[in-house]
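A.B. asks: Data file work-v1.cif (mmCIF, C-alpha atoms and all ligand atoms) is appended below.
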data_query
#
loop_
_atom_site.label_atom_id
_atom_site.label_comp_id
_atom_site.auth_asym_id
_atom_site.auth_seq_id
_atom_site.Cartn_x
_atom_site.Cartn_y
_atom_site.Cartn_z
CA MET A 611 -12.90 -3.79 -5.74
CA LEU A 612 -9.46 -2.39 -4.94
CA ILE A 613 -6.42 -4.55 -4.26
CA GLY A 614 -3.23 -3.00 -2.91
CA LYS A 615 -0.56 -3.48 -0.30
CA GLN A 616 -1.61 -1.72 2.88
CA GLY A 617 -0.60 1.91 2.74
CA ALA A 618 -1.19 2.12 -0.98
CA GLY A 619 -3.71 4.82 -0.15
CA LYS A 620 -6.45 2.32 -0.89
CA GLY A 621 -8.56 3.18 2.16
CA THR A 622 -9.10 6.78 1.18
CA GLN A 623 -9.21 5.99 -2.55
CA ALA A 624 -11.97 3.43 -2.01
CA GLY A 625 -13.98 5.76 0.23
CA ARG A 626 -13.62 8.60 -2.28
CA LEU A 627 -14.59 6.34 -5.15
CA ALA A 628 -17.74 5.16 -3.38
CA GLU A 629 -18.69 8.75 -2.62
CA HIS A 630 -18.03 9.80 -6.22
CA TYR A 631 -20.45 7.18 -7.60
CA GLY A 632 -22.93 7.37 -4.70
CA VAL A 633 -22.53 3.71 -3.71
CA ALA A 634 -21.62 1.91 -0.48
CA HIS A 635 -18.00 1.59 0.68
CA ILE A 636 -17.40 -1.79 2.34
CA SER A 637 -14.05 -1.97 4.11
CA THR A 638 -13.45 -5.17 6.08
CA GLY A 639 -10.70 -3.37 8.04
CA ASP A 640 -13.23 -0.69 9.11
CA LEU A 641 -15.84 -3.32 10.04
CA PHE A 642 -13.23 -5.08 12.19
CA ARG A 643 -12.02 -1.87 13.83
CA ASP A 644 -15.67 -1.03 14.71
CA ALA A 645 -16.08 -4.46 16.34
CA VAL A 646 -12.81 -3.99 18.27
CA ARG A 647 -13.90 -0.52 19.44
CA ASP A 648 -17.29 -1.88 20.60
CA ARG A 649 -15.44 -4.53 22.62
CA THR A 650 -17.85 -7.29 21.54
CA PRO A 651 -16.58 -10.85 22.22
CA LEU A 652 -15.97 -11.20 18.48
CA GLY A 653 -14.20 -7.82 18.48
CA LEU A 654 -11.81 -8.98 21.22
CA GLU A 655 -11.02 -12.13 19.22
CA ILE A 656 -10.45 -10.10 16.05
CA GLN A 657 -8.13 -7.72 17.90
CA ARG A 658 -5.70 -10.54 18.61
CA TYR A 659 -5.24 -11.12 14.88
CA ILE A 660 -5.12 -7.49 13.83
CA GLU A 661 -2.63 -6.28 16.42
CA HIS A 662 -0.01 -8.80 15.24
CA GLY A 663 -0.61 -8.09 11.57
CA ASN A 664 -2.25 -11.49 10.99
CA LEU A 665 -5.25 -12.07 8.76
CA VAL A 666 -8.57 -12.57 10.49
CA PRO A 667 -9.69 -16.18 9.77
CA ASP A 668 -11.69 -16.62 6.56
CA ASP A 669 -14.82 -17.92 8.32
CA ILE A 670 -15.14 -14.73 10.38
CA VAL A 671 -14.47 -12.46 7.38
CA ILE A 672 -16.94 -14.26 5.13
CA ASP A 673 -19.65 -14.26 7.82
CA MET A 674 -19.26 -10.54 8.27
CA ILE A 675 -19.43 -9.82 4.52
CA GLU A 676 -22.42 -12.12 4.08
CA HIS A 677 -24.26 -10.29 6.86
CA ARG A 678 -23.45 -6.93 5.31
CA PHE A 679 -24.95 -8.02 1.98
CA GLU A 680 -28.03 -9.59 3.60
CA GLU A 681 -28.92 -6.56 5.67
CA ASP A 682 -28.49 -3.83 3.02
CA ASN A 683 -30.65 -3.87 -0.12
CA SER A 684 -29.00 -0.73 -1.46
CA LEU A 685 -25.94 -2.82 -2.33
CA GLN A 686 -27.85 -3.97 -5.41
CA ASP A 687 -27.13 -0.49 -6.83
CA GLY A 688 -23.39 -1.00 -6.50
CA PHE A 689 -20.57 -1.00 -3.96
CA VAL A 690 -16.82 -0.62 -3.60
CA LEU A 691 -15.07 -3.42 -1.73
CA ASP A 692 -11.94 -2.38 0.14
CA GLY A 693 -9.46 -4.88 1.61
CA PHE A 694 -11.62 -7.85 0.64
CA PRO A 695 -11.13 -10.50 -0.65
CA ARG A 696 -7.60 -11.10 0.60
CA THR A 697 -7.39 -14.89 0.16
CA ALA A 698 -8.40 -17.39 -2.54
CA ARG A 699 -11.12 -18.80 -0.32
CA GLN A 700 -12.58 -15.34 0.31
CA ALA A 701 -12.63 -14.73 -3.47
CA ASP A 702 -14.51 -18.01 -4.05
CA GLU A 703 -16.99 -17.29 -1.27
CA LEU A 704 -17.56 -13.79 -2.59
CA GLU A 705 -18.80 -15.24 -5.89
CA ARG A 706 -21.26 -17.35 -3.91
CA VAL A 707 -22.46 -14.36 -1.87
CA LEU A 708 -22.91 -12.28 -5.03
CA ALA A 709 -24.92 -15.18 -6.50
CA GLY A 710 -24.53 -14.86 -10.23
CA LYS A 711 -23.80 -11.11 -10.21
CA PRO A 712 -20.01 -11.13 -10.33
CA LEU A 713 -17.72 -8.16 -9.73
CA ASP A 714 -17.38 -5.74 -12.65
CA LEU A 715 -13.86 -4.52 -12.11
CA VAL A 716 -10.87 -5.22 -9.85
CA ILE A 717 -8.25 -2.49 -9.54
CA ASP A 718 -4.70 -3.20 -8.41
CA ILE A 719 -3.08 -0.06 -7.03
CA ASP A 720 0.57 -0.72 -7.65
CA VAL A 721 3.14 0.64 -5.14
CA PRO A 722 6.70 -0.67 -4.50
CA THR A 723 7.27 -2.15 -1.05
CA GLU A 724 9.73 0.52 0.14
CA ILE A 725 7.20 3.28 -0.56
CA VAL A 726 4.48 1.29 1.21
CA LEU A 727 6.75 0.90 4.25
CA HIS A 728 7.43 4.65 4.38
CA ARG A 729 3.71 5.44 4.05
CA ILE A 730 2.65 3.00 6.76
CA ALA A 731 5.45 3.73 9.24
CA GLY A 732 4.55 7.43 9.13
CA ARG A 733 0.78 6.99 8.92
CA ARG A 734 -1.38 8.48 11.68
CA VAL A 735 -5.17 8.09 11.82
CA CYS A 736 -7.92 10.04 13.59
CA GLU A 737 -9.47 7.72 16.19
CA ARG A 738 -12.85 9.40 15.77
CA CYS A 739 -13.44 9.94 12.04
CA GLY A 740 -10.70 7.84 10.42
CA ALA A 741 -9.06 10.76 8.56
CA THR A 742 -5.53 9.79 7.56
CA TYR A 743 -2.37 11.89 8.10
CA HIS A 744 1.36 11.28 7.84
CA VAL A 745 4.27 12.48 9.97
CA ASP A 746 5.31 14.42 6.82
CA SER A 747 1.89 16.12 6.62
CA PRO A 748 0.45 16.27 10.16
CA PRO A 749 -2.75 18.05 11.25
CA LYS A 750 -2.40 21.80 11.98
CA ASN A 751 -2.65 21.44 15.78
CA ASP A 752 -0.61 18.95 17.74
CA TRP A 753 -2.15 15.67 16.47
CA ILE A 754 -5.71 16.92 16.79
CA CYS A 755 -7.77 16.08 13.70
CA ASP A 756 -8.37 19.08 11.39
CA LEU A 757 -11.77 17.67 10.43
CA CYS A 758 -13.41 16.58 13.71
CA GLY A 759 -11.06 17.51 16.58
CA GLY A 760 -10.48 13.84 17.50
CA PRO A 761 -7.08 12.46 18.64
CA VAL A 762 -4.77 11.43 15.79
CA THR A 763 -2.67 8.36 16.68
CA GLN A 764 -0.76 5.45 15.16
CA ARG A 765 -2.79 2.30 14.39
CA GLU A 766 -1.65 -0.61 16.58
CA ASP A 767 -1.04 -2.71 13.46
CA ASP A 768 1.21 -0.03 11.91
CA THR A 769 4.18 -1.06 14.11
CA GLU A 770 7.19 -2.34 12.17
CA ASP A 771 6.73 -6.02 13.16
CA ALA A 772 3.03 -6.04 12.31
CA VAL A 773 3.63 -4.26 9.00
CA LEU A 774 6.32 -6.76 7.93
CA ARG A 775 3.95 -9.61 8.80
CA ARG A 776 1.14 -7.98 6.79
CA LEU A 777 3.39 -7.51 3.76
CA ASP A 778 4.51 -11.13 4.00
CA LEU A 779 0.88 -12.30 4.09
CA TYR A 780 0.06 -9.98 1.19
CA GLU A 781 2.70 -11.74 -0.96
CA LYS A 782 1.54 -15.23 0.06
CA GLU A 783 -2.24 -14.90 0.27
CA THR A 784 -3.38 -11.84 -1.67
CA LEU A 785 -0.99 -11.55 -4.62
CA PRO A 786 -2.31 -14.80 -6.22
CA LEU A 787 -5.70 -13.08 -6.53
CA ILE A 788 -4.21 -10.75 -9.13
CA GLN A 789 -3.73 -13.74 -11.42
CA PHE A 790 -7.23 -15.02 -10.52
CA TYR A 791 -8.91 -11.76 -11.57
CA ARG A 792 -6.62 -11.28 -14.58
CA ARG A 793 -7.76 -14.67 -15.93
CA ALA A 794 -11.35 -13.60 -15.32
CA GLY A 795 -10.71 -10.49 -17.49
CA LYS A 796 -11.57 -8.12 -14.64
CA LEU A 797 -8.19 -6.76 -13.61
CA ALA A 798 -6.87 -3.24 -14.21
CA HIS A 799 -3.71 -1.64 -12.80
CA VAL A 800 -3.18 1.88 -11.52
CA ASP A 801 0.14 3.49 -10.65
CA GLY A 802 -0.13 4.22 -6.91
CA THR A 803 3.19 6.09 -6.60
CA VAL A 804 1.86 9.38 -7.98
CA ASP A 805 -0.06 12.10 -6.15
CA SER A 806 -3.23 10.71 -4.55
CA ASP A 807 -5.53 12.98 -6.63
CA ASP A 808 -3.94 11.60 -9.79
CA VAL A 809 -4.39 8.03 -8.54
CA PHE A 810 -8.05 8.84 -7.97
CA LYS A 811 -8.45 10.34 -11.47
CA SER A 812 -6.93 7.21 -13.05
CA ILE A 813 -9.33 4.98 -11.12
CA VAL A 814 -12.38 7.05 -12.13
CA LYS A 815 -11.23 6.97 -15.78
CA LEU A 816 -11.02 3.17 -15.64
CA VAL A 817 -14.45 2.82 -14.07
CA ASP A 818 -16.04 5.27 -16.52
CA GLU A 819 -14.49 3.46 -19.49
CA ARG A 820 -15.86 0.18 -18.15
CA TYR A 821 -19.41 1.56 -17.73
CA GLU A 822 -19.67 3.75 -20.83
CA PRO A 823 -20.60 0.82 -23.15
CA CYS A 824 -23.29 -0.34 -20.63
CA ARG A 825 -24.78 3.16 -20.40
CA ALA A 826 -24.79 3.53 -24.19
CA ALA A 827 -26.53 0.15 -24.57
CA SER A 828 -29.28 1.04 -22.08
CA THR A 829 -30.22 4.38 -23.72
P1 LIG B 901 -6.97 -2.82 6.49
O1 LIG B 901 -7.65 -1.65 7.13
O2 LIG B 901 -7.64 -3.26 5.21
O3 LIG B 901 -5.49 -2.59 6.34
O4 LIG B 901 -7.15 -4.05 7.50
C1 LIG B 901 -6.63 -4.03 8.82
C2 LIG B 901 -6.48 -5.44 9.35
O5 LIG B 901 -7.78 -6.08 9.41
C3 LIG B 901 -5.63 -6.35 8.48
O6 LIG B 901 -4.24 -6.22 8.74
C4 LIG B 901 -6.17 -7.73 8.91
O7 LIG B 901 -5.68 -8.11 10.19
C5 LIG B 901 -7.66 -7.46 9.07
N1 LIG B 901 -8.38 -7.66 7.78
C6 LIG B 901 -8.99 -6.71 7.01
N2 LIG B 901 -9.56 -7.24 5.94
C7 LIG B 901 -9.30 -8.58 6.00
C8 LIG B 901 -9.61 -9.68 5.15
N3 LIG B 901 -10.29 -9.53 4.01
N4 LIG B 901 -9.17 -10.91 5.54
C9 LIG B 901 -8.50 -11.11 6.69
N5 LIG B 901 -8.16 -10.10 7.52
C10 LIG B 901 -8.55 -8.85 7.19
#
Have the structure of the file written as C-alpha cells, please.

C.D. replies:
Amino acid sequence: MLIGKQGAGKGTQAGRLAEHYGVAHISTGDLFRDAVRDRTPLGLEIQRYIEHGNLVPDDIVIDMIEHRFEEDNSLQDGFVLDGFPRTARQADELERVLAGKPLDLVIDIDVPTEIVLHRIAGRRVCERCGATYHVDSPPKNDWICDLCGGPVTQREDDTEDAVLRRLDLYEKETLPLIQFYRRAGKLAHVDGTVDSDDVFKSIVKLVDERYEPCRAAST
C-alpha cells in the first residue's frame, strides 16, 4: 500500500508497481471517479465530497473496497492499494476485510507540502485514459493526450481551495496512519522529491528486499 500526500506521484507509481509485479491496482480515487462518470446515484453523492476536497464517508469507502475484494479472486495473488486507507477506521476495517492476511508493506512517499502544491496546481489529466501531465510538461498537441487522443484537463478537485482542504485532511486523518503502520513494523519511507523513475526504483528495491527472504524459504 502507498501513502502520500496527493500529488506525490502516487497514482502513477502505484499503477506502475502493480504492472511490474503483475498484480491488481486498487485506487479508491479511480473507483470513485468511475462512479461519478457513470452518473450512478452513488456517483452523484460521491461527487459532492470529491469536488470540495472532502473525504468520502468511511461507510461508502469500506463498502466499495469490500465489494472489490469479494468479486475478484485474483486479489489472493497480491494487490497494490492506492489512496486507501486514509482514516483510522478504514485501516481497522481493512484488517477485517483481509481476514487474517494482513498487508505486507506500507510505503510512505515523502514530499514536502510546497512541492505537492506545485505538482497538483499544475497537474492535468487525460479524461479518457487517466495519463497524467503537468503544465511544465504538457502533451505534444494542444492538451490532446499523447497516448489515446483524449482531452487533457484539470481535475475538479485540483483547484486551490479543494487542494488546501485535502492537505488539511491528510494531516488530520491520514498522517496518524504512519504511526499505526510503523508500530506494526510494516512502514517504509521513500524520498518522493527525486525523479519519478528513481522513486519507482526505490519502491521496487524495498518490495524485492521484503520478498527475497520469503522466496528463499519457499525454494
Ligand atoms: P485520489 O485520486 O486518491 O487523490 O482521490 C481523489 C478523491 O477521492 C479524494 O480527494 C477524496 O475525495 C476521495 N477519496 C479517495 N480515496 C478515499 C478514501 N480512502 N477515503 C475517503 N475519500 C477518498

A.B. asks: Give one line per residue of chain A that approaches ligand LIG 901 (chain B) to at most 9 Å, naming the two atoms of the closest pair and their distance in Å to one decimal, counting all atoms listed in the file; sort by chain then ascending residue number and deliver it as a Markdown table.

C.D. replies:
| residue | atom | partner | partner_atom | distance |
| --- | --- | --- | --- | --- |
| A:Lys615 | CA | B:LIG901 | O3 | 8.3 |
| A:Gln616 | CA | B:LIG901 | O3 | 5.3 |
| A:Gly617 | CA | B:LIG901 | O3 | 7.6 |
| A:Lys620 | CA | B:LIG901 | O2 | 8.4 |
| A:Gly621 | CA | B:LIG901 | O1 | 7.0 |
| A:Ser637 | CA | B:LIG901 | O2 | 6.6 |
| A:Thr638 | CA | B:LIG901 | N2 | 4.4 |
| A:Gly639 | CA | B:LIG901 | O1 | 3.6 |
| A:Asp640 | CA | B:LIG901 | O1 | 6.0 |
| A:Leu641 | CA | B:LIG901 | C6 | 8.2 |
| A:Phe642 | CA | B:LIG901 | O5 | 6.2 |
| A:Arg643 | CA | B:LIG901 | O5 | 7.4 |
| A:Ile656 | CA | B:LIG901 | O7 | 7.8 |
| A:Gln657 | CA | B:LIG901 | O7 | 8.1 |
| A:Arg658 | CA | B:LIG901 | O7 | 8.8 |
| A:Tyr659 | CA | B:LIG901 | O7 | 5.6 |
| A:Ile660 | CA | B:LIG901 | O7 | 3.7 |
| A:Glu661 | CA | B:LIG901 | O7 | 7.2 |
| A:His662 | CA | B:LIG901 | O7 | 7.6 |
| A:Gly663 | CA | B:LIG901 | O6 | 5.0 |
| A:Asn664 | CA | B:LIG901 | O7 | 4.9 |
| A:Leu665 | CA | B:LIG901 | N5 | 3.7 |
| A:Val666 | CA | B:LIG901 | N5 | 3.9 |
| A:Pro667 | CA | B:LIG901 | C9 | 6.1 |
| A:Asp668 | CA | B:LIG901 | N4 | 6.3 |
| A:Ile670 | CA | B:LIG901 | C9 | 8.4 |
| A:Val671 | CA | B:LIG901 | N4 | 5.8 |
| A:Ile672 | CA | B:LIG901 | N3 | 8.2 |
| A:Asp692 | CA | B:LIG901 | O2 | 6.7 |
| A:Gly693 | CA | B:LIG901 | O2 | 4.3 |
| A:Phe694 | CA | B:LIG901 | N3 | 4.0 |
| A:Pro695 | CA | B:LIG901 | N3 | 4.8 |
| A:Arg696 | CA | B:LIG901 | N3 | 4.6 |
| A:Thr697 | CA | B:LIG901 | N4 | 6.9 |
| A:Gln700 | CA | B:LIG901 | N3 | 7.3 |
| A:Asp767 | CA | B:LIG901 | O6 | 6.7 |
| A:Asp768 | CA | B:LIG901 | O6 | 8.8 |
| A:Ala772 | CA | B:LIG901 | O6 | 8.1 |
| A:Val773 | CA | B:LIG901 | O6 | 8.1 |
| A:Arg775 | CA | B:LIG901 | O6 | 8.9 |
| A:Arg776 | CA | B:LIG901 | O6 | 6.0 |

A.B. asks: Which value, in Å to one decimal, gives the distance between CA of Thr742 in chain A and CA of Ile636 in chain A?

C.D. replies: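 These atoms are spaced 17.4 Å apart.
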
A.B. asks: Which one is closest to Glu724 in chain A: A:Leu652, A:Leu777, A:Ala798, A:Val707? Count all atoms listed in the file.

C.D. replies: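 Smallest separation from Glu724 in chain A among the options: A:Leu777.
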
A.B. asks: Excluding Leu713 in chain A and any residue of its chain fewer than 4 positions from it, enumerate the residues within 10 Å of it, using all atoms listed in the file, and give them as a list in words.

C.D. replies: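 Residues meeting the cut-off are Met611, Gly688, Phe689, Val690, Leu691, Leu704, Glu705, Leu708, Tyr791 and Lys796 of chain A.
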